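One structure below.
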Amino acid sequence: MRHRYFAFLVCLLLGCAIAVGAQSAPSPLVVIRAGTLIDGTSDAAAGPRLIFVRGERIEKVTDAGAAIPAGAKVIDLSNATVLPGLIDSHTHIFLWGEDPAKGGYDANILYAGLAQRAARATAAARRALEQGFTTLRDLETEGAGYGDVGIKAAIAEGTIPGPRLFVVTRAISTTGGYNLEGYAPELDMPKGAQLIDGPVEARKAAREQLDHGADWIKVYMTHRSWVDRAGNLVSQPTLTVEELRAIVDEAHGWKKKVACHAYNGIGMQRALDGGCDSIEHGLELTDANIAQMLRQGTWLCPTIAAYYENPAPADTPAGKRDRKRVEVHEPSFKKALAAGVKIVYGTDMGGIDWSKPESIDFEYMVRFGMAPMAAIQSATSRAAEMLEMQGEIGVVAPGAYADIIAVPGDPLKNIEELKNVKFVMHNGVVFRNEAAR
Ligand SMILES: [Zn+2]
C-alpha cells in the first residue's frame, strides 16, 4: 500500500515535471525589422531596430545589426515607422453615432435591440484594432447594460478580434441627469446610464457595477449645457459631492478608478472635490480647476474632435451651444497643456460615427500646440500610466505585450500619418499586415 502510494507520488511529480517542461518550451521567435522606432516613452525616434517577440511579449529590442537566430520568423518593416499599439481612453463601442439625421442618440436605444447592439460593438472593436488601437478604455454601454463585459470576454477567449478592453459597464448619473429624455412624463423611458439619488444609491450602483466586472467607474458630473444671456456656457450639475465621494470611496477600495464626464462650472468643481481620477472633456477649465488637477494628479481626456462633428444649425439654441463648446474648448486645452496637466488621448468614438478615423483627435491636439511626440505618448505610455499598465502596454520595450503597429511615413512630421496604419500586431499575433516587404 505504502509502495503504491509512493509510486503514485513519483508519477505525480514526474507528470508535473513533464507538464512544466511542456509549458516552458519556448514559443517561436518573431523578429520585426523596424526602419524607425517610436517606442512610446523616449523623447526621440530611434534608427533601425530589431524587435524580438516571443509569444505575447516583447523579449528584447536591439540594434539592426544584431544576429537573428536561425528559424526565427522575420517581419520586414524596415521601410516603415514602428510604434506601440495605440490606446484610445474614451470610446463607446455600443454607440453607433448621434447624427440627428439618423435619429440622434435616442435611436441607438429605441430601435436597436441588444443583439444588434452587440453586433455593432463587435464591429466597432474590430475597426479599432484594424486602425492600430490595441487598447480601449470604453466609457459606458449607453443602455446596453453589462454588454461590454461580454464583448471583453469574447475578445479575451478569441471568439472575436478586438483590442484589450477596460470597461465601465452602465455609468452613473442622477434623476434628470441622462437620456432618454423629453418624452411624455407618463412614459417610463429607458435610460442610457444607471440613475441614482443619494450617497446610499450611489455606493450601491458602484458596488453592482464593480461586482459585474467594471474595470473603471464612469460618472456624469454635468449633463445638459446651454449658452446663457451673458454668452457663457452653462452646464447642469448632476451628482452632489457626497454622492460622488461614496462612489470614489467604493471604487478606490476595490483599487479601481473613477472617470468623470464634466464640462465646466459647478459640476466640474464637484468632480474635482469628490476625487475623480480623470476628467472627460473638460471643455472649460478655470485656472483654479487646473491647479486642483495638478495637486490631485487628475488626468484630462479632452476628446476634442467630437465637438466639431455634427453641430446643430447656427441659429438654434443647440447650434449656439455647439459653437460655444468648441470656442471654449481650445483655450481650455491649451491652458491645461501649458500647465502640465496629464493628458490622455480620447476620441469619444461611438458618440461620433465609427466610420470616422480613430486617429481623428491627433491633428487637433497638435494644432492646439501639443508636440507630435507628446500627442503620441498621450495615446501610448501616458495612457498606460493612467490605466496602471505602465511597462506592459503603450511601449515597445522588453517585457511589454507585443502590441506593435506601423505606418509608412513619419508621424512626427505629419501626425495625420497615424490614420494610415498598415501593420497591427496584438499580443504577439499579426492582425493586419499590408506593410511588410
Ligand atoms: Zn463619451
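By order in the C-alpha cells, chains are A, B, ...; within a chain, residues start at 1; ligands start at 1, following the order shown.
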
Hey, could you make a per-residue contact list for region 137-203 of chain A against region 86-100 of chain A with 7 Å as the cut-off, showing the nearest pair of atoms and its distance in Å to one decimal, counting only C-alpha atoms, sorted by chain and number, as a tab-separated table?
residue	atom	partner	partner_atom	distance
A:Arg137	CA	A:Ser89	CA	4.5
A:Asp138	CA	A:Thr91	CA	4.7
A:Leu139	CA	A:Thr91	CA	5.8
A:Glu140	CA	A:His92	CA	6.2
A:Thr141	CA	A:Phe94	CA	5.3
A:Glu142	CA	A:Leu95	CA	6.7

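Within the 8 Å cut-off around Pro190 (chain A), using only C-alpha atoms and omitting residues fewer than 3 positions from it on the same chain, the listed residues are Ile109, Gly143 and Leu180 of chain A.
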
Can you write just those residues out, all heavy atoms, as an mmCIF file, in the first residue's frame?
data_model
loop_
_atom_site.group_PDB
_atom_site.id
_atom_site.type_symbol
_atom_site.label_atom_id
_atom_site.label_comp_id
_atom_site.auth_asym_id
_atom_site.auth_seq_id
_atom_site.Cartn_x
_atom_site.Cartn_y
_atom_site.Cartn_z
ATOM 1 N N ILE A 109 -30.942 53.429 -28.687
ATOM 2 C CA ILE A 109 -31.629 52.661 -27.649
ATOM 3 C C ILE A 109 -33.031 52.242 -28.091
ATOM 4 O O ILE A 109 -33.485 51.141 -27.783
ATOM 5 C CB ILE A 109 -31.695 53.497 -26.349
ATOM 6 C CG1 ILE A 109 -30.269 53.691 -25.798
ATOM 7 C CG2 ILE A 109 -32.605 52.844 -25.319
ATOM 8 C CD1 ILE A 109 -30.190 54.538 -24.553
ATOM 9 N N GLY A 143 -26.963 52.170 -22.223
ATOM 10 C CA GLY A 143 -28.216 51.426 -22.176
ATOM 11 C C GLY A 143 -28.089 49.957 -22.539
ATOM 12 O O GLY A 143 -29.076 49.223 -22.505
ATOM 13 N N LEU A 180 -32.656 58.653 -21.956
ATOM 14 C CA LEU A 180 -33.571 59.338 -22.853
ATOM 15 C C LEU A 180 -34.401 60.344 -22.062
ATOM 16 O O LEU A 180 -34.853 60.038 -20.956
ATOM 17 C CB LEU A 180 -34.517 58.334 -23.528
ATOM 18 C CG LEU A 180 -33.817 57.202 -24.292
ATOM 19 C CD1 LEU A 180 -34.832 56.221 -24.833
ATOM 20 C CD2 LEU A 180 -32.891 57.682 -25.391
#

Please provide the set of residues having any atom within 10 Å of Leu114 (chain A), restricted to only C-alpha atoms, with same-chain residues fewer than 2 positions apart removed, written as a PDB file with N, CA, C and O atoms, in the first residue's frame.
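Written out: around-v6.pdb:
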ATOM      1  N   PHE A  94     -20.608  50.472 -27.964  1.00  0.00           N
ATOM      2  CA  PHE A  94     -22.036  50.167 -28.107  1.00  0.00           C
ATOM      3  C   PHE A  94     -22.838  51.330 -28.689  1.00  0.00           C
ATOM      4  O   PHE A  94     -24.049  51.226 -28.843  1.00  0.00           O
ATOM      5  N   ILE A 109     -30.942  53.429 -28.687  1.00  0.00           N
ATOM      6  CA  ILE A 109     -31.629  52.661 -27.649  1.00  0.00           C
ATOM      7  C   ILE A 109     -33.031  52.242 -28.091  1.00  0.00           C
ATOM      8  O   ILE A 109     -33.485  51.141 -27.783  1.00  0.00           O
ATOM      9  N   TYR A 111     -34.356  51.780 -31.222  1.00  0.00           N
ATOM     10  CA  TYR A 111     -34.588  50.966 -32.412  1.00  0.00           C
ATOM     11  C   TYR A 111     -33.660  49.762 -32.550  1.00  0.00           C
ATOM     12  O   TYR A 111     -33.945  48.853 -33.323  1.00  0.00           O
ATOM     13  N   ALA A 112     -32.548  49.767 -31.842  1.00  0.00           N
ATOM     14  CA  ALA A 112     -31.620  48.635 -31.972  1.00  0.00           C
ATOM     15  C   ALA A 112     -31.752  47.733 -30.747  1.00  0.00           C
ATOM     16  O   ALA A 112     -31.550  48.184 -29.620  1.00  0.00           O
ATOM     17  N   GLN A 116     -28.473  43.395 -32.008  1.00  0.00           N
ATOM     18  CA  GLN A 116     -27.926  44.330 -32.998  1.00  0.00           C
ATOM     19  C   GLN A 116     -26.833  45.190 -32.370  1.00  0.00           C
ATOM     20  O   GLN A 116     -25.795  45.458 -32.977  1.00  0.00           O
ATOM     21  N   ARG A 117     -27.061  45.590 -31.133  1.00  0.00           N
ATOM     22  CA  ARG A 117     -26.066  46.422 -30.462  1.00  0.00           C
ATOM     23  C   ARG A 117     -24.772  45.638 -30.203  1.00  0.00           C
ATOM     24  O   ARG A 117     -23.680  46.169 -30.328  1.00  0.00           O
ATOM     25  N   ALA A 118     -24.915  44.367 -29.846  1.00  0.00           N
ATOM     26  CA  ALA A 118     -23.722  43.535 -29.632  1.00  0.00           C
ATOM     27  C   ALA A 118     -22.970  43.353 -30.950  1.00  0.00           C
ATOM     28  O   ALA A 118     -21.731  43.366 -30.981  1.00  0.00           O
ATOM     29  N   ALA A 119     -23.727  43.197 -32.054  1.00  0.00           N
ATOM     30  CA  ALA A 119     -23.083  43.056 -33.370  1.00  0.00           C
ATOM     31  C   ALA A 119     -22.330  44.340 -33.715  1.00  0.00           C
ATOM     32  O   ALA A 119     -21.198  44.306 -34.224  1.00  0.00           O
ATOM     33  N   ARG A 120     -22.939  45.477 -33.421  1.00  0.00           N
ATOM     34  CA  ARG A 120     -22.268  46.759 -33.685  1.00  0.00           C
ATOM     35  C   ARG A 120     -21.004  46.893 -32.829  1.00  0.00           C
ATOM     36  O   ARG A 120     -19.967  47.354 -33.306  1.00  0.00           O
ATOM     37  N   GLY A 143     -26.963  52.170 -22.223  1.00  0.00           N
ATOM     38  CA  GLY A 143     -28.216  51.426 -22.176  1.00  0.00           C
ATOM     39  C   GLY A 143     -28.089  49.957 -22.539  1.00  0.00           C
ATOM     40  O   GLY A 143     -29.076  49.223 -22.505  1.00  0.00           O
ATOM     41  N   ALA A 144     -26.884  49.518 -22.879  1.00  0.00           N
ATOM     42  CA  ALA A 144     -26.686  48.100 -23.227  1.00  0.00           C
ATOM     43  C   ALA A 144     -26.140  47.311 -22.032  1.00  0.00           C
ATOM     44  O   ALA A 144     -25.441  46.291 -22.203  1.00  0.00           O
ATOM     45  N   GLY A 145     -26.439  47.787 -20.831  1.00  0.00           N
ATOM     46  CA  GLY A 145     -26.166  47.032 -19.615  1.00  0.00           C
ATOM     47  C   GLY A 145     -24.701  46.657 -19.451  1.00  0.00           C
ATOM     48  O   GLY A 145     -23.812  47.508 -19.537  1.00  0.00           O
ATOM     49  N   GLY A 147     -23.063  44.671 -21.403  1.00  0.00           N
ATOM     50  CA  GLY A 147     -22.619  44.120 -22.691  1.00  0.00           C
ATOM     51  C   GLY A 147     -21.125  44.234 -22.919  1.00  0.00           C
ATOM     52  O   GLY A 147     -20.518  43.374 -23.555  1.00  0.00           O
TER      53      GLY A 147
END

Quick one: DSSP alpha helix (DSSP H) residues in region 188-297 of chain A, as a PyMOL selection string? chain A and resi 199-211+241-253+265-273+287-296

Keeping only C-alpha atoms, write the selected residues as a PDB file, in the first residue's frame.
ATOM      1  CA  PRO A 199     -24.993  58.520  -1.430  1.00  0.00           C
ATOM      2  CA  VAL A 200     -26.532  55.142  -0.498  1.00  0.00           C
ATOM      3  CA  GLU A 201     -27.855  54.526  -4.013  1.00  0.00           C
ATOM      4  CA  ALA A 202     -24.611  55.882  -5.466  1.00  0.00           C
ATOM      5  CA  ARG A 203     -22.494  53.426  -3.499  1.00  0.00           C
ATOM      6  CA  LYS A 204     -24.863  50.566  -4.324  1.00  0.00           C
ATOM      7  CA  ALA A 205     -24.656  51.303  -8.059  1.00  0.00           C
ATOM      8  CA  ALA A 206     -20.860  51.352  -7.868  1.00  0.00           C
ATOM      9  CA  ARG A 207     -20.885  48.042  -5.981  1.00  0.00           C
ATOM     10  CA  GLU A 208     -23.207  46.446  -8.548  1.00  0.00           C
ATOM     11  CA  GLN A 209     -21.099  47.605 -11.461  1.00  0.00           C
ATOM     12  CA  LEU A 210     -17.837  46.525  -9.843  1.00  0.00           C
ATOM     13  CA  ASP A 211     -19.429  43.191  -8.923  1.00  0.00           C
ATOM     14  CA  VAL A 241     -20.060  65.883  -3.818  1.00  0.00           C
ATOM     15  CA  GLU A 242     -21.408  63.433  -1.196  1.00  0.00           C
ATOM     16  CA  GLU A 243     -22.860  61.157  -3.881  1.00  0.00           C
ATOM     17  CA  LEU A 244     -19.625  61.214  -5.863  1.00  0.00           C
ATOM     18  CA  ARG A 245     -17.489  60.645  -2.763  1.00  0.00           C
ATOM     19  CA  ALA A 246     -19.453  57.470  -1.973  1.00  0.00           C
ATOM     20  CA  ILE A 247     -18.661  56.159  -5.483  1.00  0.00           C
ATOM     21  CA  VAL A 248     -14.996  57.188  -5.414  1.00  0.00           C
ATOM     22  CA  ASP A 249     -14.550  55.712  -1.943  1.00  0.00           C
ATOM     23  CA  GLU A 250     -16.092  52.411  -3.065  1.00  0.00           C
ATOM     24  CA  ALA A 251     -14.131  52.247  -6.342  1.00  0.00           C
ATOM     25  CA  HIS A 252     -10.833  53.128  -4.682  1.00  0.00           C
ATOM     26  CA  GLY A 253     -11.436  50.427  -2.096  1.00  0.00           C
ATOM     27  CA  GLY A 265     -18.834  75.152 -13.599  1.00  0.00           C
ATOM     28  CA  ILE A 266     -20.448  73.606 -10.527  1.00  0.00           C
ATOM     29  CA  GLY A 267     -20.320  70.046 -11.833  1.00  0.00           C
ATOM     30  CA  MET A 268     -16.627  70.348 -12.671  1.00  0.00           C
ATOM     31  CA  GLN A 269     -15.885  71.685  -9.174  1.00  0.00           C
ATOM     32  CA  ARG A 270     -17.819  68.819  -7.576  1.00  0.00           C
ATOM     33  CA  ALA A 271     -15.967  66.319  -9.801  1.00  0.00           C
ATOM     34  CA  LEU A 272     -12.626  67.603  -8.528  1.00  0.00           C
ATOM     35  CA  ASP A 273     -13.740  67.979  -4.892  1.00  0.00           C
ATOM     36  CA  ASP A 287      -7.047  78.271 -13.635  1.00  0.00           C
ATOM     37  CA  ALA A 288      -8.270  77.070 -10.222  1.00  0.00           C
ATOM     38  CA  ASN A 289      -9.566  73.807 -11.754  1.00  0.00           C
ATOM     39  CA  ILE A 290      -6.193  73.248 -13.408  1.00  0.00           C
ATOM     40  CA  ALA A 291      -4.304  73.971 -10.177  1.00  0.00           C
ATOM     41  CA  GLN A 292      -6.516  71.457  -8.352  1.00  0.00           C
ATOM     42  CA  MET A 293      -5.964  68.836 -11.077  1.00  0.00           C
ATOM     43  CA  LEU A 294      -2.200  69.288 -10.744  1.00  0.00           C
ATOM     44  CA  ARG A 295      -2.417  68.980  -6.945  1.00  0.00           C
ATOM     45  CA  GLN A 296      -4.574  65.865  -7.109  1.00  0.00           C
TER      46      GLN A 296
END

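Considering the residues A:Arg126, A:Lys218, A:Lys413, A:Lys320 and counting only C-alpha atoms and all ligand atoms, ligand 1 has its shortest atom-to-atom contact with A:Lys218.
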